[in-house]
There are 2 protein chains.
Amino acid sequence: MKLPQFSDIISASEVLKGFAHRTPVLTSRMIDDIFSCNLYFKCENFQRAGAFKFRGAFNSVSNLDDQSAAKGVATHSSGNFAQALALAAKMRNIPAYIVMPETAPKAKVNAVKGYGANITFCKPTLEARESTLDNVVAETGAVFLHPYDNFHVIAGQGTSAFELLTDFPDIDTIIAPVGGGGLISGTATAAKAMRHDINVLAGEPQGADDAYRSFTTGEFVASVNPNTIADGLLTSLGKLTFPIIREKVDSVITVPDEITIEIMKLIFERMKLVIEPSSAVAVAAIYSQKEALKDRKIGIIISGGNLDLDNLPWQNNIVK
Amino acid sequence: MKLPQFSDIISASEVLKGFAHRTPVLTSRMIDDIFSCNLYFKCENFQRAGAFKFRGAFNSVSNLDDQSAAKGVATHSSGNFAQALALAAKMRNIPAYIVMPETAPKAKVNAVKGYGANITFCKPTLEARESTLDNVVAETGAVFLHPYDNFHVIAGQGTSAFELLTDFPDIDTIIAPVGGGGLISGTATAAKAMRHDINVLAGEPQGADDAYRSFTTGEFVASVNPNTIADGLLTSLGKLTFPIIREKVDSVITVPDEITIEIMKLIFERMKLVIEPSSAVAVAAIYSQKEALKDRKIGIIISGGNLDLDNLPWQNNIVK
């Protein structure tokens with residue numbers, strides 16, 4: 001099985017130039033004091049469509065030849081990849097077909113529609129998603145692009161870490177959240193190539209710890225009935241992402257949602273950044289290990305900032 | 001009465017170098033589409049202590065000679081200036097005495113305490129504030145620094161616009177919110193000196209429109225019983241700020257809170273920025289005039305990002 005190499009990430013970075021944002025890296029003295037280390041926040045919440053997903057979506061759409069691309073692209077996603085792929089397809093002027101569960105939040109549906117994509121709704125089960133997608137692909141002739149277990153998607157996601165470590169070559173530790181594993185796979189591939197002794201960490205919710213269990217046992221464990229506020233981290237690892245993670249990630253750190261919520265609010269309050277729960281998982285993972293990570297220079301991929309602002313997670317956890 | 005000149009702002013900018021953040025300027029294609037113009041967000045929410053106030057506080061503390069500074073500084077404020085002055089005093093290693101109303105939110109009290117300031121509580125009336133402050137100054141010998149009607153405070157606040165117009169010299173319109181008028185006075189002084197034909201606007205809540213009425217009638221109108229969610233914009237203009245505004249501001253735009261709330265949520269959602277209601281007032285003022293301002297290049301001073309994240313204003317205005 002062909003896995004993306006660092007050269008593929010460099011190529012993706014060329015493809016993205018002028019189309020994706022080179023997102024800023026923010027730091028905060030106050031947060032560094034609280035964490036007892038130096039944190040570099042690579043802000044993919046400022047990326048187009050509000051998340052790192054645009055990098056992989058745009059790279060994979062760009063790598064299609066004209067003939068394959070002509071009939072459009074298709075995927076199933078209720079989240080950030082749907083928006084990202086819709087935007088990337090619009091930029092190439094080809095159709096995008098998105099299969100979304102009928103339970104998807106209206107805001108996300110509207111965002112996908114806003115980019116001009118065609119939406120097909122299905123029952124909120126994996127089987128329904130896959131069979132509906134098969135039908136859509138059969139009818140339209142569109143190319144299926146997997147949200148994370150795709151060579152060019154992973155290479156695209158790695159460009160964020162590539163930019164971060166280019167700007168801050170002294171970073172000795174890097175972390176990203178892990179759901180399906182696209183972001184952490186790209187991050188780990190870039191990081192280990194650029195600095196062989198870098199410590200690569202993955203942050204995962206305790207209530208969806210299939211990557212942790214897969215990583216520690218060496219055997220693929222599927223995500224079954226995940227229970228976490230981090231709605232971007234519910235899925236299982238893929239056939240490409242699992243071997244990359246096993247080889248290049250040094251440690252998977254799981255965190256309970258309570259810490260994630262507390263840290264998420266802290267980042268809103270102190271850094272004035274709107275981040276989604278999945279991003280807070282990575283920051284919370286660092287916080288939970290702050291004794292061991294004291295004085296390190298740590299890069300954090302802030303995966304995105306798409307969330308329901310009418311229901312912030314700490315508001316369900318406080319006594320008013 | 002000596003009013004600060006552009007040269008005083010340049011001096012303040014030298015004083016602030018290495019102590020205040022040179023805050024980033026953010027843009028958003030999507031927001032530009034919605035507003036039909038080009039917006040440049042000067043992000044003072046990323047400033048130290050979370051608001052532009054640190055610029056004026058640090059500049060005024062720095063301009064005290066050693067003998068005056070030795071006994072410390074004092075002010076009355078329930079908001080951002082209290083935190084800013086506490087931090088500026090801490091950095092000069094002198095005491096700060098802050099008079100706060102006993103009704104001030106705990107989060108703000110804790111932030112001020114966190115910077116090591118001495119807090120004296122008083123009844124939440126202007127009279128109580130002033131008499132309590134007089135007592136504190138008499139007892140301690142500290143220098144009173146007015147939160148906005150102070151030469152060096154105004155000069156410091158002008159450094160934000162100075163940076164913005166240095167980075168983006170093509171900006172043809174600039175706006176800041178107006179409360180007591182420190183920020184807009186500094187902004188207008190910098191802007192009109194740097195580009196004589198620039199359009200300088202002030203944004204004000206309809207429910208606290210004393211600056212609008214003072215500006216249009218030419219006679220000072222006090223702020224009486226203001227009613228707005230923009231808690232940073234409740235106060236009256238000052239003896240220094242009113243003449244500057246009358247001379248250098250081209251127009252005061254008032255906006256109802258409903259628009260401010262809608263725009264505030266839009267900025268959280270689309271730009272992933274935590275901004276306080278006062279900042280949203282300036283953005284909403286532009287939105288309310290978007291026909292007239294079509295295709296302009298508009299700089300907006302995003303004043304700060306300190307607010308109660310447990311009670312976001314749109315959450316009190318929606319039917320769930």
# chains A, B, ... in the order shown; residues from 1 in each chain; ligands from 1
call {"tool": "closest_atom_pairs", "arguments": {"of": "chain B", "to": "chain A", "cutoff": "6 Å", "atoms": "only C-alpha atoms", "output": "tab-separated table"}}
result
residue	atom	partner	partner_atom	distance
B:Lys272	CA	A:Val274	CA	4.6
B:Leu273	CA	A:Leu273	CA	5.3
B:Val274	CA	A:Lys272	CA	4.6
call {"tool": "select_by_dssp", "arguments": {"residues": "segment 99-168 of chain B", "states": "strand (DSSP E or B)", "output": "PyMOL selection string"}}
result
chain B and resi 99-101+118-122+143-144
call {"tool": "closest_atom_pairs", "arguments": {"of": "segment 215-256 of chain B", "to": "segment 197-207 of chain B", "cutoff": "7 Å", "atoms": "only C-alpha atoms", "output": "tab-separated table"}}
result
residue	atom	partner	partner_atom	distance
B:Pro226	CA	B:Gly207	CA	5.7
B:Asn227	CA	B:Gly207	CA	4.8
B:Thr228	CA	B:Gly207	CA	5.3
B:Val249	CA	B:Val200	CA	5.1
B:Asp250	CA	B:Val200	CA	5.3
B:Ser251	CA	B:Leu201	CA	5.1
B:Val252	CA	B:Ala202	CA	4.7
B:Ile253	CA	B:Gly203	CA	5.0
B:Thr254	CA	B:Glu204	CA	4.7
B:Val255	CA	B:Pro205	CA	5.1
B:Pro256	CA	B:Gln206	CA	5.1
call {"tool": "write_last_selection", "arguments": {"atoms": "N, CA and C atoms", "output": "PDB file, in the first residue's frame"}}
result
ATOM      1  N   PRO B 226     -27.521  54.953  30.337  1.00  0.00           N
ATOM      2  CA  PRO B 226     -27.297  54.229  29.088  1.00  0.00           C
ATOM      3  C   PRO B 226     -27.884  52.824  29.167  1.00  0.00           C
ATOM      4  N   ASN B 227     -28.362  52.330  28.037  1.00  0.00           N
ATOM      5  CA  ASN B 227     -28.978  51.009  27.999  1.00  0.00           C
ATOM      6  C   ASN B 227     -28.487  50.267  26.758  1.00  0.00           C
ATOM      7  N   THR B 228     -27.454  49.441  26.960  1.00  0.00           N
ATOM      8  CA  THR B 228     -26.842  48.704  25.848  1.00  0.00           C
ATOM      9  C   THR B 228     -26.064  47.528  26.392  1.00  0.00           C
ATOM     10  N   VAL B 249     -13.335  63.699  13.795  1.00  0.00           N
ATOM     11  CA  VAL B 249     -14.222  62.607  13.378  1.00  0.00           C
ATOM     12  C   VAL B 249     -15.206  63.145  12.340  1.00  0.00           C
ATOM     13  N   ASP B 250     -15.432  62.358  11.287  1.00  0.00           N
ATOM     14  CA  ASP B 250     -16.333  62.828  10.232  1.00  0.00           C
ATOM     15  C   ASP B 250     -17.781  62.480  10.510  1.00  0.00           C
ATOM     16  N   SER B 251     -18.006  61.383  11.216  1.00  0.00           N
ATOM     17  CA  SER B 251     -19.389  60.965  11.420  1.00  0.00           C
ATOM     18  C   SER B 251     -19.469  59.977  12.579  1.00  0.00           C
ATOM     19  N   VAL B 252     -20.516  60.107  13.399  1.00  0.00           N
ATOM     20  CA  VAL B 252     -20.789  59.132  14.461  1.00  0.00           C
ATOM     21  C   VAL B 252     -22.001  58.313  14.024  1.00  0.00           C
ATOM     22  N   ILE B 253     -21.828  57.006  13.948  1.00  0.00           N
ATOM     23  CA  ILE B 253     -22.907  56.126  13.490  1.00  0.00           C
ATOM     24  C   ILE B 253     -23.448  55.365  14.687  1.00  0.00           C
ATOM     25  N   THR B 254     -24.754  55.483  14.932  1.00  0.00           N
ATOM     26  CA  THR B 254     -25.327  54.735  16.054  1.00  0.00           C
ATOM     27  C   THR B 254     -26.010  53.470  15.529  1.00  0.00           C
ATOM     28  N   VAL B 255     -25.925  52.404  16.330  1.00  0.00           N
ATOM     29  CA  VAL B 255     -26.542  51.131  15.931  1.00  0.00           C
ATOM     30  C   VAL B 255     -27.330  50.524  17.077  1.00  0.00           C
ATOM     31  N   PRO B 256     -28.474  49.922  16.758  1.00  0.00           N
ATOM     32  CA  PRO B 256     -29.252  49.226  17.792  1.00  0.00           C
ATOM     33  C   PRO B 256     -28.530  47.942  18.214  1.00  0.00           C
TER      34      PRO B 256
END
call {"tool": "residues_around", "arguments": {"residues": "Ile298 of chain A", "least_positions_apart": "3", "cutoff": "8 Å", "atoms": "only C-alpha atoms", "output": "ChimeraX atom specification"}}
result
/A:37-40,171-175
call {"tool": "write_last_selection", "arguments": {"atoms": "N, CA, C and O atoms", "output": "PDB file, in the first residue's frame"}}
result
ATOM      1  N   CYS A  37       5.199  25.535  29.651  1.00  0.00           N
ATOM      2  CA  CYS A  37       5.998  25.230  28.456  1.00  0.00           C
ATOM      3  C   CYS A  37       5.678  26.288  27.408  1.00  0.00           C
ATOM      4  O   CYS A  37       4.910  27.212  27.668  1.00  0.00           O
ATOM      5  N   ASN A  38       6.309  26.201  26.242  1.00  0.00           N
ATOM      6  CA  ASN A  38       6.050  27.173  25.181  1.00  0.00           C
ATOM      7  C   ASN A  38       5.184  26.530  24.118  1.00  0.00           C
ATOM      8  O   ASN A  38       5.581  25.564  23.487  1.00  0.00           O
ATOM      9  N   LEU A  39       4.008  27.109  23.923  1.00  0.00           N
ATOM     10  CA  LEU A  39       3.052  26.538  22.977  1.00  0.00           C
ATOM     11  C   LEU A  39       2.948  27.407  21.735  1.00  0.00           C
ATOM     12  O   LEU A  39       2.881  28.639  21.825  1.00  0.00           O
ATOM     13  N   TYR A  40       2.931  26.753  20.585  1.00  0.00           N
ATOM     14  CA  TYR A  40       2.779  27.434  19.295  1.00  0.00           C
ATOM     15  C   TYR A  40       1.500  26.922  18.655  1.00  0.00           C
ATOM     16  O   TYR A  40       1.420  25.760  18.256  1.00  0.00           O
ATOM     17  N   ILE A 171      10.840  23.833  17.455  1.00  0.00           N
ATOM     18  CA  ILE A 171       9.788  23.049  18.104  1.00  0.00           C
ATOM     19  C   ILE A 171      10.268  21.618  18.305  1.00  0.00           C
ATOM     20  O   ILE A 171      10.783  21.000  17.365  1.00  0.00           O
ATOM     21  N   ASP A 172      10.136  21.090  19.539  1.00  0.00           N
ATOM     22  CA  ASP A 172      10.654  19.737  19.822  1.00  0.00           C
ATOM     23  C   ASP A 172       9.548  18.706  20.012  1.00  0.00           C
ATOM     24  O   ASP A 172       9.820  17.514  20.143  1.00  0.00           O
ATOM     25  N   THR A 173       8.287  19.188  20.047  1.00  0.00           N
ATOM     26  CA  THR A 173       7.141  18.304  20.280  1.00  0.00           C
ATOM     27  C   THR A 173       5.978  18.839  19.443  1.00  0.00           C
ATOM     28  O   THR A 173       5.779  20.048  19.372  1.00  0.00           O
ATOM     29  N   ILE A 174       5.242  17.938  18.824  1.00  0.00           N
ATOM     30  CA  ILE A 174       4.099  18.409  18.029  1.00  0.00           C
ATOM     31  C   ILE A 174       2.912  17.508  18.313  1.00  0.00           C
ATOM     32  O   ILE A 174       3.084  16.296  18.541  1.00  0.00           O
ATOM     33  N   ILE A 175       1.719  18.109  18.353  1.00  0.00           N
ATOM     34  CA  ILE A 175       0.522  17.321  18.642  1.00  0.00           C
ATOM     35  C   ILE A 175      -0.618  17.736  17.718  1.00  0.00           C
ATOM     36  O   ILE A 175      -0.728  18.907  17.330  1.00  0.00           O
TER      37      ILE A 175
END
call {"tool": "residues_around", "arguments": {"residues": "Ala12 of chain A", "least_positions_apart": "2", "cutoff": "10 Å", "atoms": "only C-alpha atoms", "output": "tab-separated table (two decimals) with N, CA, C and O atoms, in the first residue's frame"}}
result
chain	number	residue	atom	x	y	z
A	6	PHE	N	7.15	12.52	2.70
A	6	PHE	CA	7.32	13.96	2.92
A	6	PHE	C	7.33	14.73	1.60
A	6	PHE	O	6.81	15.84	1.51
A	7	SER	N	7.90	14.10	0.55
A	7	SER	CA	7.92	14.78	-0.76
A	7	SER	C	6.50	15.05	-1.26
A	7	SER	O	6.26	16.05	-1.95
A	8	ASP	N	5.56	14.18	-0.92
A	8	ASP	CA	4.17	14.40	-1.33
A	8	ASP	C	3.56	15.59	-0.59
A	8	ASP	O	2.69	16.30	-1.11
A	9	ILE	N	4.02	15.80	0.64
A	9	ILE	CA	3.54	16.94	1.42
A	9	ILE	C	4.10	18.24	0.84
A	9	ILE	O	3.40	19.25	0.72
A	10	ILE	N	5.38	18.19	0.44
A	10	ILE	CA	5.98	19.38	-0.19
A	10	ILE	C	5.25	19.70	-1.49
A	10	ILE	O	4.93	20.86	-1.78
A	14	GLU	N	2.95	23.12	-2.57
A	14	GLU	CA	3.01	23.92	-3.82
A	14	GLU	C	1.62	24.07	-4.42
A	14	GLU	O	1.25	25.14	-4.92
A	15	VAL	N	0.87	22.97	-4.42
A	15	VAL	CA	-0.49	22.98	-4.98
A	15	VAL	C	-1.38	24.00	-4.23
A	15	VAL	O	-2.20	24.70	-4.82
A	16	LEU	N	-1.19	24.07	-2.91
A	16	LEU	CA	-2.06	24.91	-2.07
A	16	LEU	C	-1.70	26.39	-2.13
A	16	LEU	O	-2.51	27.25	-1.74
A	17	LYS	N	-0.49	26.68	-2.61
A	17	LYS	CA	-0.01	28.07	-2.59
A	17	LYS	C	-0.98	29.00	-3.32
A	17	LYS	O	-1.30	28.80	-4.47
A	55	ARG	N	-7.22	21.82	3.28
A	55	ARG	CA	-5.91	21.49	2.70
A	55	ARG	C	-5.98	20.16	1.94
A	55	ARG	O	-5.60	20.05	0.77
A	56	GLY	N	-6.46	19.12	2.62
A	56	GLY	CA	-6.54	17.80	2.00
A	56	GLY	C	-7.56	17.75	0.88
A	56	GLY	O	-7.33	17.11	-0.16
A	58	PHE	N	-8.58	20.24	-1.07
A	58	PHE	CA	-8.10	20.96	-2.26
A	58	PHE	C	-6.99	20.17	-2.95
A	58	PHE	O	-6.95	20.09	-4.18
A	59	ASN	N	-6.11	19.58	-2.15
A	59	ASN	CA	-5.01	18.81	-2.76
A	59	ASN	C	-5.54	17.60	-3.52
A	59	ASN	O	-5.08	17.31	-4.63
A	60	SER	N	-6.52	16.91	-2.95
A	60	SER	CA	-7.02	15.71	-3.63
A	60	SER	C	-7.82	16.09	-4.88
A	60	SER	O	-7.71	15.41	-5.91
A	62	SER	N	-7.28	18.73	-6.70
A	62	SER	CA	-6.31	19.23	-7.68
A	62	SER	C	-5.55	18.11	-8.35
A	62	SER	O	-5.07	18.26	-9.48
A	63	ASN	N	-5.39	16.98	-7.64
A	63	ASN	CA	-4.63	15.87	-8.20
A	63	ASN	C	-5.43	14.98	-9.15
A	63	ASN	O	-4.89	14.02	-9.70
A	152	HIS	N	-3.80	11.68	-1.17
A	152	HIS	CA	-3.61	13.12	-1.36
A	152	HIS	C	-4.26	13.95	-0.26
A	152	HIS	O	-3.84	15.09	-0.01
A	153	VAL	N	-5.28	13.39	0.38
A	153	VAL	CA	-5.87	14.08	1.53
A	153	VAL	C	-4.84	14.13	2.67
A	153	VAL	O	-4.57	15.20	3.24
A	154	ILE	N	-4.23	13.00	2.96
A	154	ILE	CA	-3.23	12.95	4.03
A	154	ILE	C	-2.05	13.88	3.72
A	154	ILE	O	-1.59	14.64	4.58
A	155	ALA	N	-1.60	13.84	2.46
A	155	ALA	CA	-0.47	14.72	2.07
A	155	ALA	C	-0.86	16.19	2.28
A	155	ALA	O	-0.07	17.00	2.78
A	156	GLY	N	-2.10	16.53	1.91
A	156	GLY	CA	-2.56	17.92	2.11
A	156	GLY	C	-2.60	18.31	3.57
A	156	GLY	O	-2.16	19.40	3.94
A	157	GLN	N	-3.08	17.41	4.41
A	157	GLN	CA	-3.18	17.73	5.85
A	157	GLN	C	-1.79	17.94	6.46
A	157	GLN	O	-1.64	18.69	7.44
A	158	GLY	N	-0.79	17.29	5.89
A	158	GLY	CA	0.57	17.44	6.41
A	158	GLY	C	1.18	18.82	6.18
A	158	GLY	O	2.19	19.17	6.82
A	159	THR	N	0.57	19.60	5.29
A	159	THR	CA	1.17	20.90	4.98
A	159	THR	C	1.09	21.89	6.14
A	159	THR	O	1.89	22.82	6.21
call {"tool": "select_by_dssp", "arguments": {"residues": "segment 56-260 of chain A", "states": "helix (DSSP H, G or I)", "output": "PyMOL selection string"}}
result
chain A and resi 56-62+66-70+80-92+106-114+126-140+151-167+182-194+206-208+210-217+241-248+257-260
call {"tool": "residues_around", "arguments": {"residues": "Ala208 of chain B", "least_positions_apart": "4", "cutoff": "12 Å", "atoms": "only C-alpha atoms", "output": "number ranges by chain"}}
result
B: 177-180, 203-204, 212-214, 221-237, 253-257, 278, 281
call {"tool": "closest_residue", "arguments": {"among": "B:His76, B:Arg92, B:Arg246, B:His21", "to": "Thr217 of chain B", "atoms": "only C-alpha atoms"}}
result
B:Arg246
call {"tool": "atom_distance", "arguments": {"atom1": "atom CA of Ser36 of chain B", "atom2": "atom CA of Lys294 of chain B"}}
result
5.5 Å
